[in-house]
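Data from structure_23.pdb: PDB, C-alpha atoms
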```pdb
ATOM      1  CA  MET A  15      -3.051  -4.311   3.982
ATOM      2  CA  ASP A  16      -1.759  -7.885   3.734
ATOM      3  CA  LEU A  17      -3.452 -10.683   1.805
ATOM      4  CA  PRO A  18      -6.010 -12.458   3.956
ATOM      5  CA  VAL A  19      -5.519 -16.204   4.401
ATOM      6  CA  GLN A  20      -7.349 -18.172   1.704
ATOM      7  CA  THR A  21      -7.971 -21.892   1.799
ATOM      8  CA  TYR A  22      -8.429 -23.774  -1.473
ATOM      9  CA  ARG A  23      -9.664 -27.343  -1.598
ATOM     10  CA  VAL A  24      -8.039 -29.474  -4.296
ATOM     11  CA  THR A  25      -9.501 -32.803  -5.398
ATOM     12  CA  ARG A  26      -8.613 -35.273  -8.139
ATOM     13  CA  ALA A  27     -11.468 -33.860 -10.204
ATOM     14  CA  ASP A  28      -9.777 -30.444 -10.046
ATOM     15  CA  LEU A  29      -6.548 -31.958 -11.361
ATOM     16  CA  VAL A  30      -8.365 -33.601 -14.262
ATOM     17  CA  ARG A  31     -10.090 -30.322 -15.084
ATOM     18  CA  TYR A  32      -6.790 -28.406 -14.873
ATOM     19  CA  ALA A  33      -5.013 -30.985 -17.037
ATOM     20  CA  GLY A  34      -7.587 -30.472 -19.769
ATOM     21  CA  ALA A  35      -7.614 -26.689 -19.487
ATOM     22  CA  SER A  36      -3.826 -26.331 -19.413
ATOM     23  CA  GLY A  37      -2.853 -29.126 -21.798
ATOM     24  CA  ASP A  38      -0.496 -30.626 -19.194
ATOM     25  CA  PHE A  39      -1.362 -34.324 -19.287
ATOM     26  CA  ASN A  40       1.696 -35.580 -17.409
ATOM     27  CA  PRO A  41       0.402 -38.843 -15.840
ATOM     28  CA  ILE A  42       1.906 -38.007 -12.419
ATOM     29  CA  HIS A  43      -1.122 -35.711 -12.070
ATOM     30  CA  TRP A  44      -3.716 -38.448 -12.595
ATOM     31  CA  SER A  45      -2.149 -41.934 -12.380
ATOM     32  CA  GLU A  46      -1.247 -43.372  -8.977
ATOM     33  CA  ARG A  47       0.606 -46.169 -10.727
ATOM     34  CA  ILE A  48       2.920 -43.858 -12.647
ATOM     35  CA  ALA A  49       3.311 -41.294  -9.847
ATOM     36  CA  THR A  50       4.512 -43.929  -7.359
ATOM     37  CA  LYS A  51       6.697 -45.573 -10.003
ATOM     38  CA  VAL A  52       8.731 -42.353 -10.376
ATOM     39  CA  GLY A  53       9.113 -42.070  -6.602
ATOM     40  CA  LEU A  54       6.323 -39.639  -5.721
ATOM     41  CA  PRO A  55       4.059 -40.202  -2.686
ATOM     42  CA  GLY A  56       1.099 -40.511  -5.068
ATOM     43  CA  VAL A  57      -0.752 -38.328  -7.545
ATOM     44  CA  ILE A  58       0.365 -34.725  -7.081
ATOM     45  CA  ALA A  59      -1.169 -31.424  -8.148
ATOM     46  CA  HIS A  60       0.366 -29.557 -11.078
ATOM     47  CA  GLY A  61       2.786 -26.991  -9.683
ATOM     48  CA  MET A  62       1.201 -24.559 -12.121
ATOM     49  CA  PHE A  63      -2.218 -25.306 -10.608
ATOM     50  CA  THR A  64      -0.946 -24.270  -7.169
ATOM     51  CA  MET A  65       0.646 -21.214  -8.776
ATOM     52  CA  ALA A  66      -2.713 -20.395 -10.392
ATOM     53  CA  LEU A  67      -4.523 -20.610  -7.033
ATOM     54  CA  VAL A  68      -2.015 -18.157  -5.592
ATOM     55  CA  GLY A  69      -2.565 -15.968  -8.663
ATOM     56  CA  ARG A  70      -6.272 -15.966  -7.827
ATOM     57  CA  ALA A  71      -5.551 -14.747  -4.309
ATOM     58  CA  VAL A  72      -3.238 -12.009  -5.596
ATOM     59  CA  THR A  73      -5.498 -10.714  -8.380
ATOM     60  CA  ALA A  74      -8.521 -10.752  -6.074
ATOM     61  CA  TRP A  75      -6.534  -8.743  -3.535
ATOM     62  CA  ALA A  76      -5.262  -6.330  -6.212
ATOM     63  CA  GLY A  77      -8.747  -5.870  -7.629
ATOM     64  CA  ALA A  78      -7.868  -6.427 -11.311
ATOM     65  CA  PRO A  79      -6.772  -9.457 -13.340
ATOM     66  CA  ASP A  80      -4.041  -7.439 -15.071
ATOM     67  CA  ALA A  81      -2.690  -5.686 -11.978
ATOM     68  CA  VAL A  82       0.108  -8.236 -11.629
ATOM     69  CA  VAL A  83       3.323  -7.003 -13.244
ATOM     70  CA  GLU A  84       5.604  -9.837 -12.181
ATOM     71  CA  TYR A  85       4.960 -13.165 -10.548
ATOM     72  CA  SER A  86       7.430 -15.919  -9.680
ATOM     73  CA  VAL A  87       7.573 -19.070  -7.560
ATOM     74  CA  ARG A  88       9.838 -21.981  -6.748
ATOM     75  CA  PHE A  89       8.126 -25.355  -6.434
ATOM     76  CA  SER A  90       9.629 -26.643  -3.194
ATOM     77  CA  ARG A  91       7.355 -29.570  -2.326
ATOM     78  CA  PRO A  92       4.692 -31.579  -4.141
ATOM     79  CA  VAL A  93       1.004 -31.325  -3.181
ATOM     80  CA  PRO A  94      -0.273 -34.930  -2.923
ATOM     81  CA  VAL A  95      -3.975 -35.241  -3.705
ATOM     82  CA  PRO A  96      -5.687 -38.380  -2.349
ATOM     83  CA  ASP A  97      -8.341 -40.193  -4.382
ATOM     84  CA  ASP A  98     -11.322 -39.279  -2.218
ATOM     85  CA  ASP A  99     -14.021 -36.612  -2.071
ATOM     86  CA  GLU A 100     -12.129 -34.402   0.366
ATOM     87  CA  GLY A 101      -8.831 -34.158  -1.538
ATOM     88  CA  THR A 102      -6.461 -31.798   0.214
ATOM     89  CA  GLU A 103      -6.206 -28.139   1.166
ATOM     90  CA  VAL A 104      -3.769 -25.448   0.067
ATOM     91  CA  GLN A 105      -3.523 -22.359   2.246
ATOM     92  CA  VAL A 106      -2.360 -19.091   0.732
ATOM     93  CA  SER A 107      -1.414 -15.886   2.474
ATOM     94  CA  GLY A 108       0.694 -12.881   1.574
ATOM     95  CA  VAL A 109       2.538 -10.003   3.153
ATOM     96  CA  VAL A 110       3.260  -6.601   1.643
ATOM     97  CA  LYS A 111       7.012  -6.086   1.509
ATOM     98  CA  GLY A 112       7.200  -2.476   0.426
ATOM     99  CA  GLU A 113       7.424  -0.777  -2.933
ATOM    100  CA  THR A 114       9.516  -0.932  -6.080
ATOM    101  CA  GLU A 115      11.261   2.210  -7.349
ATOM    102  CA  GLY A 116       8.335   2.713  -9.694
ATOM    103  CA  GLY A 117       5.862   2.695  -6.813
ATOM    104  CA  ASP A 118       4.443  -0.796  -7.390
ATOM    105  CA  THR A 119       3.712  -3.062  -4.428
ATOM    106  CA  ARG A 120       5.906  -6.049  -3.600
ATOM    107  CA  ILE A 121       4.148  -9.052  -2.079
ATOM    108  CA  GLU A 122       5.688 -12.143  -0.552
ATOM    109  CA  ILE A 123       3.376 -15.140  -0.655
ATOM    110  CA  THR A 124       3.192 -18.280   1.440
ATOM    111  CA  ALA A 125       1.463 -21.424   0.183
ATOM    112  CA  THR A 126       1.268 -24.442   2.456
ATOM    113  CA  CYS A 127      -0.265 -27.909   2.427
ATOM    114  CA  HIS A 128      -0.564 -29.728   5.791
ATOM    115  CA  GLY A 129       1.542 -26.934   7.299
ATOM    116  CA  GLU A 130       4.466 -27.431   4.928
ATOM    117  CA  LYS A 131       5.591 -24.889   2.375
ATOM    118  CA  VAL A 132       4.807 -26.047  -1.148
ATOM    119  CA  LEU A 133       6.097 -22.865  -2.782
ATOM    120  CA  SER A 134       9.166 -20.959  -1.745
ATOM    121  CA  GLN A 135      10.368 -17.559  -2.915
ATOM    122  CA  ALA A 136       6.839 -16.850  -4.118
ATOM    123  CA  ARG A 137       6.689 -13.175  -5.022
ATOM    124  CA  ALA A 138       4.511 -10.823  -6.960
ATOM    125  CA  ILE A 139       4.730  -7.205  -7.970
ATOM    126  CA  VAL A 140       1.343  -5.548  -8.267
ATOM    127  CA  ARG A 141       0.564  -2.260  -9.956
ATOM    128  CA  ARG A 142      -0.597   0.303  -7.478
ATOM    129  CA  GLU A 143      -3.475   1.401  -9.677
ATOM    130  CA  SER A 144      -4.915  -0.671 -12.487
ATOM    131  CA  PRO A 145      -5.215   1.222 -15.789
TER     132      PRO A 145
ATOM    133  CA  MET B   4      24.436 -37.787 -20.814
ATOM    134  CA  PRO B   5      25.013 -34.172 -19.741
ATOM    135  CA  LEU B   6      23.249 -31.407 -21.619
ATOM    136  CA  ASP B   7      25.372 -29.619 -24.189
ATOM    137  CA  LEU B   8      26.465 -26.283 -22.677
ATOM    138  CA  SER B   9      26.942 -24.788 -26.129
ATOM    139  CA  PHE B  10      23.118 -24.515 -26.269
ATOM    140  CA  VAL B  11      23.148 -21.692 -23.707
ATOM    141  CA  GLY B  12      22.054 -18.500 -25.456
ATOM    142  CA  ARG B  13      20.438 -20.353 -28.327
ATOM    143  CA  THR B  14      17.211 -18.824 -29.652
ATOM    144  CA  TYR B  15      14.775 -20.955 -31.625
ATOM    145  CA  PRO B  16      12.654 -19.822 -34.591
ATOM    146  CA  PRO B  17       9.261 -18.251 -33.686
ATOM    147  CA  THR B  18       6.443 -20.743 -33.164
ATOM    148  CA  ALA B  19       3.275 -20.791 -35.274
ATOM    149  CA  PRO B  20       0.714 -18.184 -34.074
ATOM    150  CA  TYR B  21      -1.611 -19.296 -31.249
ATOM    151  CA  GLN B  22      -5.159 -17.927 -31.459
ATOM    152  CA  VAL B  23      -6.439 -17.191 -27.936
ATOM    153  CA  GLY B  24     -10.053 -18.337 -27.765
ATOM    154  CA  ARG B  25     -12.707 -16.940 -25.445
ATOM    155  CA  GLU B  26     -13.871 -20.428 -24.503
ATOM    156  CA  LYS B  27     -10.285 -21.510 -23.702
ATOM    157  CA  ILE B  28      -9.914 -18.595 -21.289
ATOM    158  CA  ARG B  29     -13.266 -19.467 -19.704
ATOM    159  CA  GLU B  30     -12.283 -23.125 -19.424
ATOM    160  CA  PHE B  31      -8.974 -22.212 -17.788
ATOM    161  CA  ALA B  32     -10.592 -19.708 -15.397
ATOM    162  CA  ARG B  33     -13.222 -22.268 -14.346
ATOM    163  CA  ALA B  34     -10.546 -24.943 -13.865
ATOM    164  CA  ILE B  35      -8.743 -22.763 -11.322
ATOM    165  CA  GLY B  36     -11.978 -21.543  -9.722
ATOM    166  CA  ALA B  37     -11.553 -17.934 -10.874
ATOM    167  CA  ASP B  38     -15.073 -16.563 -11.116
ATOM    168  CA  ASP B  39     -14.451 -12.840 -11.679
ATOM    169  CA  ALA B  40     -16.749 -11.662 -14.512
ATOM    170  CA  LEU B  41     -13.766 -10.230 -16.422
ATOM    171  CA  TYR B  42     -12.556 -13.805 -17.055
ATOM    172  CA  LEU B  43     -15.926 -15.086 -18.185
ATOM    173  CA  ASP B  44     -18.217 -12.390 -19.547
ATOM    174  CA  PRO B  45     -17.198 -10.395 -22.654
ATOM    175  CA  GLU B  46     -19.678  -7.615 -21.792
ATOM    176  CA  ALA B  47     -18.168  -7.172 -18.345
ATOM    177  CA  ALA B  48     -14.668  -7.256 -19.876
ATOM    178  CA  ARG B  49     -15.571  -4.552 -22.420
ATOM    179  CA  ALA B  50     -17.153  -2.452 -19.695
ATOM    180  CA  GLY B  51     -13.840  -2.801 -17.841
ATOM    181  CA  GLY B  52     -11.909  -1.448 -20.819
ATOM    182  CA  TYR B  53     -10.691  -4.755 -22.287
ATOM    183  CA  ALA B  54     -11.224  -5.973 -25.848
ATOM    184  CA  ASP B  55     -12.652  -9.300 -24.643
ATOM    185  CA  VAL B  56     -12.464 -11.705 -21.695
ATOM    186  CA  VAL B  57      -9.164 -11.442 -19.801
ATOM    187  CA  ALA B  58      -6.920 -14.446 -19.074
ATOM    188  CA  PRO B  59      -5.824 -15.176 -15.480
ATOM    189  CA  PRO B  60      -2.121 -14.434 -14.808
ATOM    190  CA  THR B  61      -0.837 -17.991 -15.249
ATOM    191  CA  PHE B  62      -2.830 -18.640 -18.464
ATOM    192  CA  PRO B  63       0.173 -17.903 -20.754
ATOM    193  CA  VAL B  64       1.671 -21.225 -19.621
ATOM    194  CA  VAL B  65      -0.941 -22.951 -21.809
ATOM    195  CA  ILE B  66       0.833 -21.437 -24.790
ATOM    196  CA  THR B  67       4.437 -21.366 -23.584
ATOM    197  CA  MET B  68       4.527 -24.920 -22.270
ATOM    198  CA  ALA B  69       3.465 -26.245 -25.652
ATOM    199  CA  ALA B  70       5.911 -23.892 -27.380
ATOM    200  CA  SER B  71       8.851 -24.945 -25.198
ATOM    201  CA  ARG B  72       8.570 -28.513 -26.493
ATOM    202  CA  GLN B  73      10.739 -27.022 -29.224
ATOM    203  CA  ILE B  74      13.557 -27.082 -26.652
ATOM    204  CA  VAL B  75      12.817 -30.189 -24.606
ATOM    205  CA  ASP B  76      12.172 -32.244 -27.737
ATOM    206  CA  ASP B  77      15.305 -30.968 -29.513
ATOM    207  CA  PRO B  78      17.160 -34.253 -30.166
ATOM    208  CA  GLU B  79      20.502 -32.423 -30.257
ATOM    209  CA  LEU B  80      19.988 -31.006 -26.754
ATOM    210  CA  GLY B  81      18.944 -34.421 -25.445
ATOM    211  CA  VAL B  82      16.566 -33.735 -22.524
ATOM    212  CA  ASP B  83      15.102 -36.941 -21.032
ATOM    213  CA  TYR B  84      11.576 -35.626 -20.411
ATOM    214  CA  SER B  85      10.606 -38.547 -18.191
ATOM    215  CA  ARG B  86      13.147 -37.172 -15.660
ATOM    216  CA  VAL B  87      11.963 -33.571 -15.847
ATOM    217  CA  VAL B  88      10.480 -31.850 -12.801
ATOM    218  CA  HIS B  89       9.227 -28.260 -12.823
ATOM    219  CA  GLY B  90      11.533 -26.252 -10.536
ATOM    220  CA  GLU B  91      10.631 -22.594 -10.884
ATOM    221  CA  GLN B  92       8.333 -20.371 -12.886
ATOM    222  CA  ARG B  93       8.305 -16.632 -13.501
ATOM    223  CA  PHE B  94       6.139 -14.269 -15.520
ATOM    224  CA  ALA B  95       6.869 -10.633 -16.400
ATOM    225  CA  TYR B  96       3.798  -9.048 -17.958
ATOM    226  CA  THR B  97       3.579  -6.119 -20.360
ATOM    227  CA  ARG B  98      -0.178  -6.572 -20.533
ATOM    228  CA  ALA B  99      -2.775  -9.267 -19.860
ATOM    229  CA  VAL B 100      -3.691 -11.794 -22.540
ATOM    230  CA  VAL B 101      -7.230 -11.299 -23.885
ATOM    231  CA  ALA B 102      -9.434 -13.408 -26.143
ATOM    232  CA  GLY B 103      -8.701 -12.669 -29.780
ATOM    233  CA  ASP B 104      -4.958 -12.253 -29.271
ATOM    234  CA  GLU B 105      -2.819 -14.017 -31.836
ATOM    235  CA  LEU B 106       0.439 -14.838 -30.074
ATOM    236  CA  VAL B 107       3.870 -15.978 -31.175
ATOM    237  CA  CYS B 108       6.530 -17.476 -28.869
ATOM    238  CA  VAL B 109      10.280 -17.150 -29.188
ATOM    239  CA  ASN B 110      12.194 -19.610 -27.007
ATOM    240  CA  THR B 111      15.694 -19.027 -25.687
ATOM    241  CA  ILE B 112      17.876 -21.248 -23.528
ATOM    242  CA  GLU B 113      19.127 -18.913 -20.810
ATOM    243  CA  GLU B 114      21.078 -21.220 -18.534
ATOM    244  CA  ILE B 115      22.208 -24.798 -18.045
ATOM    245  CA  ILE B 116      23.694 -25.715 -14.663
ATOM    246  CA  SER B 117      24.878 -29.090 -13.361
ATOM    247  CA  ARG B 118      24.631 -29.563  -9.611
ATOM    248  CA  GLY B 119      24.424 -32.568  -7.331
ATOM    249  CA  GLY B 120      23.973 -34.951 -10.228
ATOM    250  CA  HIS B 121      20.968 -33.008 -11.547
ATOM    251  CA  GLU B 122      20.771 -30.534 -14.382
ATOM    252  CA  PHE B 123      18.892 -27.248 -14.304
ATOM    253  CA  LEU B 124      17.667 -25.873 -17.606
ATOM    254  CA  THR B 125      16.277 -22.337 -17.646
ATOM    255  CA  THR B 126      14.227 -21.336 -20.658
ATOM    256  CA  ARG B 127      12.767 -17.938 -21.501
ATOM    257  CA  THR B 128       9.792 -17.590 -23.801
ATOM    258  CA  ASP B 129       9.036 -14.127 -25.140
ATOM    259  CA  VAL B 130       5.383 -13.912 -26.112
ATOM    260  CA  THR B 131       4.334 -11.196 -28.559
ATOM    261  CA  THR B 132       1.408 -10.570 -30.850
ATOM    262  CA  THR B 133       1.878 -11.449 -34.513
ATOM    263  CA  ALA B 134       2.381  -7.690 -35.028
ATOM    264  CA  GLY B 135       5.332  -7.800 -32.618
ATOM    265  CA  GLU B 136       3.723  -6.148 -29.591
ATOM    266  CA  PRO B 137       5.270  -7.574 -26.396
ATOM    267  CA  VAL B 138       2.752  -9.284 -24.084
ATOM    268  CA  VAL B 139       4.587 -11.410 -21.520
ATOM    269  CA  SER B 140       7.957 -13.055 -20.916
ATOM    270  CA  VAL B 141       7.921 -16.434 -19.213
ATOM    271  CA  TRP B 142      10.835 -18.209 -17.527
ATOM    272  CA  SER B 143      10.781 -21.895 -16.571
ATOM    273  CA  LYS B 144      13.448 -23.732 -14.672
ATOM    274  CA  LEU B 145      13.279 -27.436 -15.452
ATOM    275  CA  VAL B 146      15.165 -29.920 -13.324
ATOM    276  CA  VAL B 147      16.411 -32.976 -15.184
ATOM    277  CA  ARG B 148      16.900 -35.465 -12.369
ATOM    278  CA  GLY B 149      20.060 -37.500 -12.488
ATOM    279  CA  GLU B 150      19.948 -41.279 -12.912
ATOM    280  CA  GLY B 151      20.215 -43.445  -9.860
TER     281      GLY B 151
END
```

Using the file provided, produce a representation of the structure as structure tokens.
Amino acid sequence: MDLPVQTYRVTRADLVRYAGASGDFNPIHWSERIATKVGLPGVIAHGMFTMALVGRAVTAWAGAPDAVVEYSVRFSRPVPVPDDDEGTEVQVSGVVKGETEGGDTRIEITATCHGEKVLSQARAIVRRESP
Amino acid sequence: MPLDLSFVGRTYPPTAPYQVGREKIREFARAIGADDALYLDPEAARAGGYADVVAPPTFPVVITMAASRQIVDDPELGVDYSRVVHGEQRFAYTRAVVAGDELVCVNTIEEIISRGGHEFLTTRTDVTTTAGEPVVSVWSKLVVRGEG
């Protein structure tokens, strides 16, 4: 069974909370002034925050927080987060791509924002049965 | 100035132990909206066979990103951090991180590539307990954007 489509809303408040929790205080994730100065469209979400949202979808699907054996992504596009109450939306879905030699499940994940891929080559290997 | 290719293969001394706190795991789980009881409630975690609350899969980056400053701040390597963009990230888990773990990071520079005026620096951080038990290996590809 494939991963059902999940939609996650991301606001500036989420970025502030993630910055504190992760220790990544790079100002491009909270300062419009600095983000635009370095050529970004505006404040962008931490790539690792997007990766964490995908991780949520995968672990929920797998049924255990430690079912993930391997997990990798390429950050292909930034996720701009406007300074309003709505923020933006990240959509996550996944497709089962068969099994490893050891019998674990390979998943290919898609994460988009406004219809554009924000992660590419996003893959996870999930243990068939959690211990 | 281009990064010094002789740094490829270099391994740095182990970092000081990081004590994984229950409240830090809870804070991280709440920040990403993960509300499974195993992340938040020690009783539920113990009932599930874990020593304490379990960290979400990307939590190790809290530890490894801080640890990898050893590389990006190495004056001899000469990374201009203001030009760094996160390109790729990979985790290979031996087991999940749980509250109470005391973890040590060993950083290695795996690859330096120059392409299209940018430089791509791949680091690997091997995370173990202070007793040497492997927990997770974490790869980051950092893109140092070229000037102009």

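If we count all atoms listed in the file, these residues of chain A sit within 6 Å of chain B: Arg31, Tyr32, Ala35, Ser36, Ala66, Asp80, Val83, Glu84, Tyr85, Ser86, Val87, Arg88 and Phe89 of chain A.
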
What do you get, as a PyMOL selection string, if you spell out every residue that the PyMOL selection byres ((chain B and resi 125) around 7) selects here? chain B and resi 112-115+123-124+126-127+142-145

Which residue out of A:Ser90, A:Gln135, A:Thr126, A:Thr102 has the minimum interatomic distance to Arg26 in chain A when all atoms listed in the file are used? A:Thr102

Any chance you could work out the residue set of the PyMOL selection byres ((chain B and resi 148) around 12) here, as a tab-separated table (two decimals) with C-alpha atoms, in the frame of the given file?
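Just written: selection.tsv:
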```tsv
chain	number	residue	atom	x	y	z
A	52	VAL	CA	8.73	-42.35	-10.38
A	53	GLY	CA	9.11	-42.07	-6.60
B	4	MET	CA	24.44	-37.79	-20.81
B	5	PRO	CA	25.01	-34.17	-19.74
B	6	LEU	CA	23.25	-31.41	-21.62
B	82	VAL	CA	16.57	-33.74	-22.52
B	83	ASP	CA	15.10	-36.94	-21.03
B	84	TYR	CA	11.58	-35.63	-20.41
B	85	SER	CA	10.61	-38.55	-18.19
B	86	ARG	CA	13.15	-37.17	-15.66
B	87	VAL	CA	11.96	-33.57	-15.85
B	88	VAL	CA	10.48	-31.85	-12.80
B	89	HIS	CA	9.23	-28.26	-12.82
B	90	GLY	CA	11.53	-26.25	-10.54
B	117	SER	CA	24.88	-29.09	-13.36
B	118	ARG	CA	24.63	-29.56	-9.61
B	119	GLY	CA	24.42	-32.57	-7.33
B	120	GLY	CA	23.97	-34.95	-10.23
B	121	HIS	CA	20.97	-33.01	-11.55
B	122	GLU	CA	20.77	-30.53	-14.38
B	123	PHE	CA	18.89	-27.25	-14.30
B	124	LEU	CA	17.67	-25.87	-17.61
B	145	LEU	CA	13.28	-27.44	-15.45
B	146	VAL	CA	15.16	-29.92	-13.32
B	147	VAL	CA	16.41	-32.98	-15.18
B	149	GLY	CA	20.06	-37.50	-12.49
B	150	GLU	CA	19.95	-41.28	-12.91
B	151	GLY	CA	20.22	-43.44	-9.86
```

Kindly compute an axis-aligned box around the listed atoms of range 61-70 of chain A, allowing 5 Å on each side, and express its centre and edge lengths in Å to one decimal as lines of an AutoDock Vina configuration file.
```
center_x = -1.7
center_y = -21.5
center_z = -8.9
size_x = 19.1
size_y = 21.0
size_z = 16.5
```

Can you tell me which residues surround Thr25 in chain A at a distance of at most 12 Å, considering only C-alpha atoms, apart from same-chain residues fewer than 2 positions away, and format the answer as number ranges by chain? A: 22-23, 27-32, 43-44, 57-60, 63, 93-104; B: 34-35

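Between CA of Tyr53 in chain B and CA of Thr132 in chain B lies a distance of 15.9 Å.
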
Could you give me, as an NGL selection string, the residues that sit within 12 Å of (9.7, -5.4, -3.3) in the file's coordinates, counting all atoms listed in the file? :A and (83-85 or 109-123 or 136-141)

Can you write out the residues you just picked, keeping C-alpha atoms, as an mmCIF file, in the coordinates of the input?
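Below you can see part-v4.cif, which holds the result:
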```
data_model
loop_
_atom_site.group_PDB
_atom_site.id
_atom_site.type_symbol
_atom_site.label_atom_id
_atom_site.label_comp_id
_atom_site.auth_asym_id
_atom_site.auth_seq_id
_atom_site.Cartn_x
_atom_site.Cartn_y
_atom_site.Cartn_z
ATOM 1 C CA VAL A 83 3.323 -7.003 -13.244
ATOM 2 C CA GLU A 84 5.604 -9.837 -12.181
ATOM 3 C CA TYR A 85 4.960 -13.165 -10.548
ATOM 4 C CA VAL A 109 2.538 -10.003 3.153
ATOM 5 C CA VAL A 110 3.260 -6.601 1.643
ATOM 6 C CA LYS A 111 7.012 -6.086 1.509
ATOM 7 C CA GLY A 112 7.200 -2.476 0.426
ATOM 8 C CA GLU A 113 7.424 -0.777 -2.933
ATOM 9 C CA THR A 114 9.516 -0.932 -6.080
ATOM 10 C CA GLU A 115 11.261 2.210 -7.349
ATOM 11 C CA GLY A 116 8.335 2.713 -9.694
ATOM 12 C CA GLY A 117 5.862 2.695 -6.813
ATOM 13 C CA ASP A 118 4.443 -0.796 -7.390
ATOM 14 C CA THR A 119 3.712 -3.062 -4.428
ATOM 15 C CA ARG A 120 5.906 -6.049 -3.600
ATOM 16 C CA ILE A 121 4.148 -9.052 -2.079
ATOM 17 C CA GLU A 122 5.688 -12.143 -0.552
ATOM 18 C CA ILE A 123 3.376 -15.140 -0.655
ATOM 19 C CA ALA A 136 6.839 -16.850 -4.118
ATOM 20 C CA ARG A 137 6.689 -13.175 -5.022
ATOM 21 C CA ALA A 138 4.511 -10.823 -6.960
ATOM 22 C CA ILE A 139 4.730 -7.205 -7.970
ATOM 23 C CA VAL A 140 1.343 -5.548 -8.267
ATOM 24 C CA ARG A 141 0.564 -2.260 -9.956
#
```

Explicit residue set for the PyMOL selection byres ((chain B and resi 102-111) around 7), as a PDB file with C-alpha atoms, in the coordinates of the input:
```pdb
ATOM      1  CA  GLY B  12      22.054 -18.500 -25.456  1.00  0.00           C
ATOM      2  CA  ARG B  13      20.438 -20.353 -28.327  1.00  0.00           C
ATOM      3  CA  THR B  14      17.211 -18.824 -29.652  1.00  0.00           C
ATOM      4  CA  TYR B  15      14.775 -20.955 -31.625  1.00  0.00           C
ATOM      5  CA  PRO B  16      12.654 -19.822 -34.591  1.00  0.00           C
ATOM      6  CA  PRO B  17       9.261 -18.251 -33.686  1.00  0.00           C
ATOM      7  CA  THR B  18       6.443 -20.743 -33.164  1.00  0.00           C
ATOM      8  CA  ALA B  19       3.275 -20.791 -35.274  1.00  0.00           C
ATOM      9  CA  PRO B  20       0.714 -18.184 -34.074  1.00  0.00           C
ATOM     10  CA  TYR B  21      -1.611 -19.296 -31.249  1.00  0.00           C
ATOM     11  CA  GLN B  22      -5.159 -17.927 -31.459  1.00  0.00           C
ATOM     12  CA  VAL B  23      -6.439 -17.191 -27.936  1.00  0.00           C
ATOM     13  CA  GLY B  24     -10.053 -18.337 -27.765  1.00  0.00           C
ATOM     14  CA  ARG B  25     -12.707 -16.940 -25.445  1.00  0.00           C
ATOM     15  CA  ASP B  55     -12.652  -9.300 -24.643  1.00  0.00           C
ATOM     16  CA  VAL B  56     -12.464 -11.705 -21.695  1.00  0.00           C
ATOM     17  CA  VAL B  57      -9.164 -11.442 -19.801  1.00  0.00           C
ATOM     18  CA  THR B  67       4.437 -21.366 -23.584  1.00  0.00           C
ATOM     19  CA  ALA B  70       5.911 -23.892 -27.380  1.00  0.00           C
ATOM     20  CA  SER B  71       8.851 -24.945 -25.198  1.00  0.00           C
ATOM     21  CA  VAL B 100      -3.691 -11.794 -22.540  1.00  0.00           C
ATOM     22  CA  VAL B 101      -7.230 -11.299 -23.885  1.00  0.00           C
ATOM     23  CA  ILE B 112      17.876 -21.248 -23.528  1.00  0.00           C
ATOM     24  CA  GLU B 113      19.127 -18.913 -20.810  1.00  0.00           C
ATOM     25  CA  THR B 126      14.227 -21.336 -20.658  1.00  0.00           C
ATOM     26  CA  ARG B 127      12.767 -17.938 -21.501  1.00  0.00           C
ATOM     27  CA  THR B 128       9.792 -17.590 -23.801  1.00  0.00           C
ATOM     28  CA  ASP B 129       9.036 -14.127 -25.140  1.00  0.00           C
ATOM     29  CA  VAL B 130       5.383 -13.912 -26.112  1.00  0.00           C
ATOM     30  CA  THR B 131       4.334 -11.196 -28.559  1.00  0.00           C
ATOM     31  CA  THR B 132       1.408 -10.570 -30.850  1.00  0.00           C
ATOM     32  CA  THR B 133       1.878 -11.449 -34.513  1.00  0.00           C
TER      33      THR B 133
END
```

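Counting from CA of Gly108 in chain A, the distance to CA of Gly69 in chain A is 11.2 Å.
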
Pick out the residues sitting within 8 Å of Val72 in chain A, and hand them over as a VMD selection string; count only C-alpha atoms, and ignore anything fewer than 2 positions along from it in its own chain. chain A and resid 17 68 to 70 74 to 76 82 138

Could you write those residues out with C-alpha atoms, as a PDB file, in the coordinates of the input?
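Output contents, as saved in selection.pdb:
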```
ATOM      1  CA  LEU A  17      -3.452 -10.683   1.805  1.00  0.00           C
ATOM      2  CA  VAL A  68      -2.015 -18.157  -5.592  1.00  0.00           C
ATOM      3  CA  GLY A  69      -2.565 -15.968  -8.663  1.00  0.00           C
ATOM      4  CA  ARG A  70      -6.272 -15.966  -7.827  1.00  0.00           C
ATOM      5  CA  ALA A  74      -8.521 -10.752  -6.074  1.00  0.00           C
ATOM      6  CA  TRP A  75      -6.534  -8.743  -3.535  1.00  0.00           C
ATOM      7  CA  ALA A  76      -5.262  -6.330  -6.212  1.00  0.00           C
ATOM      8  CA  VAL A  82       0.108  -8.236 -11.629  1.00  0.00           C
ATOM      9  CA  ALA A 138       4.511 -10.823  -6.960  1.00  0.00           C
TER      10      ALA A 138
END
```

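CA of Arg72 in chain B is positioned 12.4 Å from CA of Gly37 in chain A.
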